[in-house]
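Engineer: Just dropping this structure here.
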Amino acid sequence: MKGRFASSAFILFLSLTVFSSFAFASRNRNIDQLLKEQGYQSVEEVLNKPPFTGTLDFTINKFHSQITIDEDSSFIVKETIDVEFHRPRHGIYREIPFQYTDDLGKTIGTPLEVLSVTDKSGKDCKYKVRRTGNIVNIRIGDANTYVSGNRTYVFTYKVGNAILFFDNHDEFYWNVTGNYWNAPIKEASADITLTVKKQSKNLWAACYTGVYGSRSSDCSFEASHNSADFATKKNLNIGEGLTIAFGWD
C-alpha cells in the first residue's frame, strides 16, 4: 500500500453530539493555530474551561468503531453508538471533515461517502447529508418526532485518500470519539483490519485518552495478524476522547 502522499502526517478528528464539530491537524503544524483557523478552542482554553454544569441531553453508553483499511488507501468505518437520551430530542448530528490544509497551505480532499445509517436491527434511519465548508453533516432523526431512552445508531461511511505513506511503512491515525461535545462516554473501543493478503512483519499501535492534546493512555491495545484492537479502561468525561494509531510495513 505504498504510494506518494503529503510528506507530513495528519490526524482526523471526529466527534458526536447533538451539535458537534470536527477538525483535522497535521503533526508538523502548530495545532493550536490550525484549530483557531477553523474556529476551534485552543488546548489551553479547553483545559481552563469551567466544568460543565448544565443538564445532559444524552450519555453515550458505548461507542465502538470498526475500521477496515483497503489496499487502495481508502477505509470503511462502521460505528455502533449506544445513546441514552435523558430528555426527548429529535435525534443527533454526526459531522465528519472531508478536507484539510497541509503544511504548504494546499487543500487536500479526503472523499467521504455515507453508505448507511441504521438502528441496531438494521432498519434504515431517516437522515440528511449536507456539506458545509470542510464538513459533511449527517442529521439523524425526524423534526416531527421525538426520541427518548436508549437508542443505537449504526453509521457506515467510506473515506478515501487518508492513509499516511512513508518509505518503509504506512500509518493510520484516528480520533475515534472526538472531544468537543457535552456528553460522557462510558465505554469506547475500536478495531482495525487490513484487507491486504500479505501479512505485515512489523505492526505497531498506540492509543491516547483525555482532553485534546492529552498524552494520557488510559486504554489498552493489541496488534497482530494485520489487525489491532483498542479499548478505554475507564469512562471518558465531557471533553475527553479516544485517539488511536496503527502502523504496518
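Here's how to read the names in the C-alpha cells: chain A, B, ... by the order shown, residue numbers from 1 in each chain, ligand numbers from 1 in the order shown.
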Can you pull out every residue within 10 Å of Cys219 of chain A, counting only C-alpha atoms, but drop anything in the same chain fewer than 6 positions away, and send it as a list in words?
Structural biologist: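 Counting only the stated atoms, we get Ala188, Ser189, Ala206, Cys207, Tyr208, Thr209, Phe230, Ala231, Thr232, Lys233, Lys234, Leu242, Thr243 and Ile244 of chain A.
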Engineer: Show me, as a list in words, the residues that have an atom within 10 Å of Asn61 of chain A when counting only C-alpha atoms, minus same-chain residues fewer than 2 positions from it.
Structural biologist: Phe58, Thr59, Phe63, Ile81, Asp82, Val83, Glu84, Asn150, Thr152, Pro184, Ile185, Lys186, Glu187, Ala188 and Asn235 of chain A
Engineer: Could you please write out, as a ChimeraX atom specification, every residue of segment 27-212 of chain A that DSSP assigns to helix (DSSP H, G or I)?
Structural biologist: /A:31-37,43-47
Engineer: Could those selected residues go to a file with C-alpha atoms, as a short mmCIF file (atom, residue, chain, number, x, y, z; two decimals), in the first residue's frame?
Structural biologist:
```cif
data_model
loop_
_atom_site.label_atom_id
_atom_site.label_comp_id
_atom_site.auth_asym_id
_atom_site.auth_seq_id
_atom_site.Cartn_x
_atom_site.Cartn_y
_atom_site.Cartn_z
CA ILE A 31 -2.02 22.56 16.20
CA ASP A 32 -3.42 25.46 18.21
CA GLN A 33 -3.13 27.76 15.19
CA LEU A 34 -4.83 25.22 12.96
CA LEU A 35 -7.71 24.86 15.39
CA LYS A 36 -8.11 28.62 15.69
CA GLU A 37 -8.20 28.94 11.89
CA VAL A 43 -5.70 23.35 24.20
CA GLU A 44 -5.35 25.94 26.96
CA GLU A 45 -8.94 27.12 26.50
CA VAL A 46 -10.20 23.56 26.75
CA LEU A 47 -8.13 22.82 29.86
#
```
Engineer: From the list A:Gly178, A:Ile108, A:Gly133, A:Phe165, which residue is nearest Gly210 of chain A when using only C-alpha atoms?
Structural biologist: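 Result for the nearest residue to Gly210 of chain A: A:Gly178.
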Engineer: Would you list the contacts of Asp72 of chain A as a list of chain:residue names, taking every protein, DNA or RNA residue within 12 Å and counting only C-alpha atoms, but skipping same-chain residues closer than 4 positions in sequence?
Structural biologist: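 My reading of the contact set: A:Met1, A:Lys2, A:Gly3, A:Thr68, A:Ile76, A:Lys158, A:Val159, A:Gly160, A:Asn161, A:Ala162, A:Ile163, A:Phe165, A:Leu194, A:Thr195, A:Val196.
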Engineer: Report the distance between atom CA of Ser74 of chain A and atom CA of Pro111 of chain A in Å, rounded to one decimal place.
Structural biologist: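 These atoms are spaced 9.1 Å apart.
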Engineer: With distances taken over only C-alpha atoms, which of A:Pro97, A:Tyr173, A:Gly109, A:Val117 is nearest to Val136 of chain A?
Structural biologist: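 Among A:Pro97, A:Tyr173, A:Gly109, A:Val117, it is A:Pro97 that comes nearest to Val136 of chain A.
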Engineer: Using Å and a single decimal, report how far atom CA of Asn175 of chain A sits from atom CA of Ser217 of chain A.
Structural biologist: 13.4 Å
